[in-house]
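Listing of work.txt; format and content: compact mmCIF, C-alpha atoms.
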# COMPACT_ATOMS: atom_id res chain seq x y z
CA MET A 1 0.00 0.00 0.00
CA ARG A 2 1.39 3.37 -0.94
CA THR A 3 1.90 5.72 2.04
CA ARG A 4 1.02 9.33 1.77
CA ALA A 5 4.09 11.56 1.43
CA ARG A 6 4.05 14.59 3.70
CA GLY A 7 6.62 17.43 4.05
CA PHE A 8 7.18 20.02 6.78
CA THR A 9 4.65 22.75 7.23
CA LEU A 10 5.64 26.43 6.97
CA VAL A 11 5.39 26.85 10.73
CA GLU A 12 7.71 23.91 11.34
CA LEU A 13 10.25 25.28 8.90
CA LEU A 14 10.13 28.74 10.48
CA VAL A 15 10.64 27.30 13.96
CA GLY A 16 13.58 25.22 12.72
CA VAL A 17 15.24 28.17 11.02
CA THR A 18 14.75 30.38 14.07
CA LEU A 19 16.24 27.80 16.41
CA SER A 20 19.22 27.28 14.08
CA SER A 21 19.80 31.02 13.91
CA ILE A 22 19.78 31.31 17.69
CA ILE A 23 22.28 28.46 18.04
CA VAL A 24 24.62 29.94 15.40
CA THR A 25 24.41 33.39 17.03
CA ILE A 26 25.28 31.97 20.44
CA ALA A 27 28.21 30.03 18.96
CA MET A 28 29.55 33.15 17.23
CA LEU A 29 29.23 35.22 20.39
CA GLY A 30 31.17 32.54 22.25
CA ALA A 31 33.94 32.49 19.66
CA ARG A 32 34.40 36.26 19.53
CA PRO A 33 36.52 36.53 22.74
CA MET A 34 38.73 33.75 21.39
CA GLY A 35 39.36 35.74 18.24
CA ARG A 36 40.15 38.86 20.24
CA SER A 37 42.58 37.09 22.54
CA THR A 38 44.26 35.43 19.56
CA LEU A 39 44.92 38.84 18.02
CA MET A 40 46.18 40.11 21.38
CA LEU A 41 48.57 37.18 21.69
CA ARG A 42 49.84 37.76 18.18
CA ASP A 43 50.61 41.40 19.02
CA ARG A 44 52.27 40.36 22.25
CA ALA A 45 54.45 37.79 20.50
CA ARG A 46 55.56 40.44 17.99
CA ASP A 47 56.32 42.92 20.79
CA THR A 48 58.29 40.32 22.74
CA THR A 49 60.36 39.54 19.66
CA GLU A 50 61.24 43.21 19.22
CA LEU A 51 62.14 43.49 22.89
CA ARG A 52 64.36 40.44 22.61
CA LEU A 53 66.14 41.88 19.57
CA ALA A 54 66.85 45.09 21.49
CA VAL A 55 68.19 43.23 24.54
CA GLU A 56 70.36 40.91 22.40
CA SER A 57 71.94 43.87 20.64
CA LEU A 58 72.61 45.66 23.92
CA LEU A 59 74.17 42.53 25.41
CA GLN A 60 76.45 42.14 22.40
CA ASP A 61 77.81 45.65 22.85
CA LEU A 62 77.86 45.58 26.64
CA GLY A 63 79.98 42.42 26.49
CA GLY A 64 83.00 44.49 25.52
CA ALA A 65 82.00 47.82 27.03
CA ASP A 66 84.01 49.88 29.45
CA THR A 67 81.27 52.36 30.36
CA ALA A 68 77.54 52.67 29.70
CA LEU A 69 76.12 56.06 30.60
CA PRO A 70 73.07 58.21 29.88
CA THR A 71 73.49 61.35 27.81
CA MET A 72 71.80 64.72 28.06
CA GLN A 73 68.94 63.30 25.99
CA PRO A 74 66.37 61.33 28.02
CA GLU A 75 66.26 58.28 25.75
CA GLU A 76 69.90 57.73 24.85
CA LEU A 77 72.59 55.36 26.03
CA HIS A 78 76.25 55.96 25.28
CA LEU A 79 78.61 52.97 25.41
CA MET A 80 82.38 53.20 25.40
CA ARG A 81 84.28 50.08 24.41
CA GLU A 82 87.34 48.77 26.16
CA GLN A 83 90.47 49.94 24.42
CA ALA A 84 91.40 46.50 23.09
CA VAL A 85 87.85 45.91 21.80
CA ALA A 86 87.75 49.31 20.11
CA GLU A 87 91.16 48.75 18.57
CA LEU A 88 90.05 45.40 17.17
CA ALA A 89 86.90 46.98 15.73
CA GLY A 90 88.92 49.77 14.17
CA ALA A 91 87.16 52.33 16.34
CA TRP A 92 90.11 53.48 18.45
CA SER A 93 91.27 56.81 17.20
CA GLY A 94 93.24 59.62 18.78
CA GLY A 95 93.64 57.79 22.06
CA SER A 96 89.89 57.28 22.63
CA ASP A 97 86.73 55.63 21.33
CA ALA A 98 83.83 57.82 20.25
CA GLY A 99 81.59 54.97 21.33
CA ILE A 100 78.17 53.59 20.42
CA LEU A 101 74.95 55.52 20.84
CA TYR A 102 71.58 53.82 21.36
CA SER A 103 68.61 56.13 20.90
CA LEU A 104 64.83 55.80 20.69
CA SER A 105 62.90 57.82 18.13
CA ASP A 106 59.27 57.20 17.15
CA GLY A 107 59.42 53.73 18.64
CA ASP A 108 62.54 52.78 16.68
CA LEU A 109 65.63 51.84 18.65
CA ARG A 110 68.71 52.76 16.64
CA ARG A 111 72.33 51.86 17.17
CA GLN A 112 74.82 54.39 15.93
CA ASP A 113 78.51 53.55 15.96
CA VAL A 114 79.86 57.06 16.29
CA ALA A 115 83.44 56.01 15.70
CA LEU A 116 82.74 54.00 12.55
CA GLY A 117 79.91 56.22 11.28
CA THR A 118 77.38 53.41 10.89
CA GLU A 119 73.75 53.30 11.98
CA VAL A 120 71.31 50.38 12.10
CA LEU A 121 67.71 49.89 13.19
CA VAL A 122 67.80 47.44 16.09
CA ALA A 123 64.11 47.08 16.96
CA SER A 124 60.82 48.85 16.37
CA GLY A 125 57.64 49.28 18.33
CA LEU A 126 59.34 50.12 21.62
CA THR A 127 57.36 52.41 23.90
CA THR A 128 60.08 53.08 26.47
CA PHE A 129 63.85 53.29 26.47
CA GLU A 130 64.90 54.99 29.67
CA VAL A 131 68.49 55.31 30.80
CA GLU A 132 69.26 56.37 34.34
CA ARG A 133 72.42 56.54 36.39
CA VAL A 134 71.72 55.36 39.92
CA ALA A 135 73.98 56.19 42.88
CA GLY A 136 76.82 56.90 40.51
CA SER A 137 77.68 53.23 40.26
CA GLU A 138 74.91 51.60 38.23
CA THR A 139 73.22 52.38 34.96
CA HIS A 140 69.61 51.23 34.68
CA VAL A 141 68.19 50.72 31.21
CA THR A 142 64.43 50.16 31.05
CA LEU A 143 62.88 48.89 27.83
CA SER A 144 59.21 48.29 27.27
CA VAL A 145 56.86 47.37 24.45
CA GLY A 146 53.08 47.45 24.17
CA GLU A 147 50.63 49.50 26.15
CA GLY A 148 48.12 48.94 28.90
CA LEU A 149 47.53 45.32 29.80
CA GLY A 150 49.77 44.16 26.95
CA GLN A 151 52.82 46.06 28.18
CA ARG A 152 56.01 44.07 28.65
CA GLN A 153 58.99 45.61 30.41
CA VAL A 154 62.58 44.58 31.10
CA GLU A 155 65.11 46.43 33.20
CA LEU A 156 68.84 45.91 32.68
CA VAL A 157 71.33 46.96 35.34
CA TRP A 158 74.88 47.71 34.27
CA PRO A 159 76.82 47.43 37.53
CA ARG A 160 79.90 49.46 36.62
CA MET B 1 -15.78 20.76 7.02
CA SER B 2 -12.14 19.95 6.26
CA PRO B 3 -10.86 16.49 7.02
CA ARG B 4 -8.54 16.31 10.07
CA ARG B 5 -4.85 16.14 9.11
CA PRO B 6 -2.88 13.27 10.53
CA GLU B 7 -0.35 14.49 13.15
CA THR B 8 3.11 12.99 13.11
CA GLY B 9 6.03 13.79 15.48
CA PHE B 10 9.68 12.75 15.72
CA THR B 11 10.34 9.25 16.78
CA LEU B 12 12.37 8.55 19.92
CA LEU B 13 15.31 7.43 17.80
CA GLU B 14 15.33 10.70 15.83
CA CYS B 15 15.26 12.73 19.03
CA LEU B 16 18.12 10.71 20.54
CA VAL B 17 20.29 11.13 17.45
CA ALA B 18 19.67 14.89 17.37
CA VAL B 19 20.42 15.29 21.08
CA MET B 20 23.58 13.24 20.74
CA LEU B 21 24.85 15.29 17.81
CA LEU B 22 24.17 18.54 19.63
CA SER B 23 25.90 17.19 22.75
CA LEU B 24 28.99 16.23 20.76
CA LEU B 25 29.08 19.70 19.22
CA ALA B 26 28.73 21.38 22.62
CA VAL B 27 31.43 19.21 24.21
CA GLY B 28 33.82 19.96 21.35
CA LEU B 29 33.21 23.70 21.63
CA ALA B 30 33.61 23.64 25.41
CA LYS B 31 36.90 21.73 25.17
CA LEU B 32 38.21 24.19 22.60
CA THR B 33 37.28 27.15 24.78
CA VAL B 34 38.86 25.66 27.90
CA HIS B 35 42.06 24.82 26.01
CA HIS B 36 42.25 28.32 24.55
CA ASP B 37 41.62 29.95 27.94
CA ARG B 38 44.42 27.89 29.49
CA LEU B 39 46.79 28.84 26.67
CA VAL B 40 45.98 32.53 27.08
CA HIS B 41 46.41 32.32 30.85
CA ASP B 42 49.80 30.59 30.58
CA LEU B 43 51.10 33.04 28.01
CA GLU B 44 49.90 36.04 29.97
CA ALA B 45 51.55 34.73 33.11
CA TRP B 46 54.76 34.27 31.14
CA THR B 47 54.76 37.70 29.54
CA ASP B 48 53.26 39.80 32.34
CA ASP B 49 56.40 39.57 34.44
CA ASP B 50 58.56 42.73 34.42
CA PRO B 51 61.95 41.34 35.40
CA THR B 52 65.14 43.14 36.34
CA TYR B 53 68.39 41.60 35.19
CA PHE B 54 72.00 42.45 35.91
CA VAL B 55 74.41 42.54 33.00
CA ALA B 56 77.44 40.30 33.54
CA GLN B 57 80.51 40.53 31.34
CA ALA B 58 82.81 37.60 30.67
CA ASP B 59 85.53 37.60 33.31
CA ASP B 60 88.18 37.01 30.71
CA ASP B 61 89.93 39.75 28.77
CA LEU B 62 90.34 37.60 25.71
CA GLN B 63 86.66 36.59 25.59
CA ARG B 64 85.57 40.21 25.81
CA LEU B 65 88.11 41.09 23.13
CA VAL B 66 86.69 38.62 20.63
CA GLY B 67 83.15 39.82 21.21
CA VAL B 68 81.54 37.37 23.60
CA PRO B 69 78.23 39.05 24.54
CA ALA B 70 77.31 39.86 28.11
CA THR B 71 74.79 37.64 29.86
CA LEU B 72 71.79 38.36 32.05
CA VAL B 73 71.87 37.24 35.67
CA THR B 74 69.43 37.77 38.50
CA GLU B 75 72.02 38.59 41.18
CA PRO B 76 74.62 41.37 41.02
CA PRO B 77 77.70 39.88 39.37
CA PRO B 78 81.07 40.02 41.12
CA PRO B 79 83.43 42.72 39.87
CA LEU B 80 85.74 41.71 37.08
CA SER B 81 88.96 40.30 38.42
CA GLY B 82 91.83 42.69 37.98
CA PRO B 83 95.16 41.84 36.47
CA PRO B 84 97.58 39.84 38.66
CA ALA B 85 99.82 41.82 40.99
CA PRO B 86 102.93 43.10 39.25
CA GLY B 87 105.79 40.72 39.63
CA ALA B 88 103.71 37.73 40.76
CA LEU B 89 103.94 35.88 37.49
CA ALA B 90 106.18 36.06 34.50
CA VAL B 91 104.14 35.46 31.36
CA THR B 92 105.70 35.16 27.98
CA VAL B 93 103.25 35.06 25.07
CA SER B 94 104.86 33.66 22.00
CA ALA B 95 101.88 33.51 19.62
CA VAL B 96 98.26 34.72 19.51
CA GLU B 97 95.63 33.76 16.99
CA LEU B 98 92.18 35.41 16.84
CA VAL B 99 89.18 34.23 14.82
CA LEU B 100 86.13 36.49 14.72
CA HIS B 101 83.57 34.12 13.21
CA PRO B 102 82.95 32.09 15.24
CA PRO B 103 84.62 33.90 18.18
CA GLN B 104 87.72 31.97 19.07
CA ALA B 105 91.13 32.80 20.43
CA THR B 106 94.23 30.75 21.06
CA ALA B 107 97.51 31.79 22.58
CA LEU B 108 100.77 30.09 23.24
CA ALA B 109 102.16 31.33 26.53
CA HIS B 110 104.72 30.38 29.10
CA VAL B 111 103.83 31.24 32.74
CA GLU B 112 106.43 31.21 35.48
CA ASP B 113 106.10 31.92 39.24
CA LEU B 114 108.52 34.50 40.53

Encoding of this model in C-alpha cells:
Amino acid sequence: MRTRARGFTLVELLVGVTLSSIIVTIAMLGARPMGRSTLMLRDRARDTTELRLAVESLLQDLGGADTALPTMQPEELHLMREQAVAELAGAWSGGSDAGILYSLSDGDLRRQDVALGTEVLVASGLTTFEVERVAGSETHVTLSVGEGLGQRQVELVWPR
Amino acid sequence: MSPRRPETGFTLLECLVAVMLLSLLAVGLAKLTVHHDRLVHDLEAWTDDDPTYFVAQADDDLQRLVGVPATLVTEPPPPLSGPPAPGALAVTVSAVELVLHPPQATALAHVEDL
C-alpha cells in the first residue's frame, strides 16, 4: 500500500530556522573573545620579539663595554668600548673611542657607531627606552613594548 | 468541514540522534574554549612579568676582546677580576691567533712563578 508523502509545514520550517539562527548566534558570540585574545597574543608575540632583539643587541655591545652612561637626551645610552675591543673593531682613534649611541625615536631603537659612522635599526615598536644613572655606580636601562595590559617591560642593570 | 490532518512527530530514535549530535558539538566547543583559555592564561603569566636583570661581562679579557656578549643574571655579578699583581707571574706570550667568526682565540704562553 502506498503511504502518503508529507513534508514540513511552513510553521515547522520557520521554527527550525529560528532555532538554528539562535544556536549559530550563540556560537559566534562565544567564539568572539577567542578571536580577540588570539589577536592580542599575536601582538604580544611580535612585541616580545622586538624586545628580545633590542636586549640581544645591547648585550652584544655591553659584552666588551668599558662604560655605559646616559646622555643629556632622556632616551639615549652611550657605550664606550674597552680599548682593546675598540682597537680590534677599528674604532680606536686619537687615544679614545667615540663609542656607540643607542637612541629611541618614534618607537625605533637605533644603534649608531659614532666612531665608525654606521647606523642600524635594532628594533621597532618600543614604547620606552629609559636610561638612568643610579647612585653613581649603576646604569639602569628600562625597555618596554606594548601599552596597557599588553605592556612588557625589562630592566637591565649595568653594575659598573 | 475539512478532514482532520494526521499528526506525526519525531520518533524517539530521531530525538536521541539529534540530542547526541548537539551534545557532541557542545562538548567539542567547550573543550576548545577551555584549552584556549588555558593557553591565554599561561602566556599572559609568562609575559606579564617585568623582570630586572644584571648585565654580567665575561671575566676574561680575551673573551671580551673577541666579542663574547654579556649575559643576564638575576644577582649582582662580582666585579671583574683585575690583572695579577705586578711581579707575581712572569708570562711570555709567543703567539696569539684570533678568529672572529665564530669567536675563538688561542695563545701560546709560558707562565712562570717568581

Polymer residues at most 12 Å from Glu50 in chain A, all atoms listed in the file, same-chain spacing of 2 or more positions, as a PyMOL selection string: chain A and resi 43-48+52-57+107-109+121-127+143-146+152-153

Contact set, chain A to chain B: 7 Å, only C-alpha atoms, as a short mmCIF file (atom, residue, chain, number, x, y, z; two decimals) with C-alpha atoms, in the coordinates of the input:
data_model
loop_
_atom_site.label_atom_id
_atom_site.label_comp_id
_atom_site.auth_asym_id
_atom_site.auth_seq_id
_atom_site.Cartn_x
_atom_site.Cartn_y
_atom_site.Cartn_z
CA LEU A 59 74.17 42.53 25.41
CA GLN A 60 76.45 42.14 22.40
CA ASP A 61 77.81 45.65 22.85
CA LEU A 62 77.86 45.58 26.64
CA GLY A 63 79.98 42.42 26.49
CA GLY A 64 83.00 44.49 25.52
CA ALA A 84 91.40 46.50 23.09
CA VAL A 85 87.85 45.91 21.80
CA ARG A 152 56.01 44.07 28.65
CA GLN A 153 58.99 45.61 30.41
CA VAL A 154 62.58 44.58 31.10
CA GLU A 155 65.11 46.43 33.20
CA LEU A 156 68.84 45.91 32.68
CA VAL A 157 71.33 46.96 35.34
CA TRP A 158 74.88 47.71 34.27
#

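Taking only C-alpha atoms into account, Leu69 in chain A lies nearest to A:Arg160 out of the set A:Arg42, A:Arg160, A:Arg110, A:Arg32.
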
Of the candidates A:Asp106, A:Asp113, A:Glu87, A:Glu130, which one gets nearest to Pro74 in chain A if we count all atoms listed in the file?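 Under the stated criterion, the closest residue is A:Glu130.
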
My list of candidates is A:Val131, A:Met40, A:Val15, A:Met34. Which is closest to Met72 in chain A when distances are computed with all atoms listed in the file?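 For Met72 in chain A, the nearest of the given residues is A:Val131.
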
Two-atom distance - CA of Glu147 in chain A, CA of Thr128 in chain A (Å):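 Atom-to-atom, CA of Glu147 in chain A and CA of Thr128 in chain A are spaced 10.1 Å apart.
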
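For the pair CA of Leu39 in chain A and CA of Val24 in chain A, the interatomic distance is 22.3 Å.
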
May I ask for the distance between CA of Asp113 in chain B and CA of Val91 in chain B, given in Å to one decimal place? 8.9 Å

Output, as lines of an AutoDock Vina configuration file, the centre and edge lengths in Å (one decimal) of the axis-aligned box that contains all listed atoms of range 16-25 of chain B with 3 Å of margin on each side.
center_x = 23.6
center_y = 15.2
center_z = 20.1
size_x = 17.0
size_y = 15.0
size_z = 11.4

Write out as a list in words each polymer residue whose atoms come within 9 Å of Ile100 in chain A, counting only C-alpha atoms; drop sequence neighbours fewer than 5 positions from it.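 Non-adjacent residues within range: Asp61, Leu77, His78, Leu79, Met80, Arg81, Arg111, Gln112, Asp113, Val114 and Ala115 of chain A.
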
Closest to Ser137 in chain A among A:Phe8, A:Pro159, A:Ala86, A:Glu119, using only C-alpha atoms?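 Counting only C-alpha atoms, the residue closest to Ser137 in chain A is A:Pro159.
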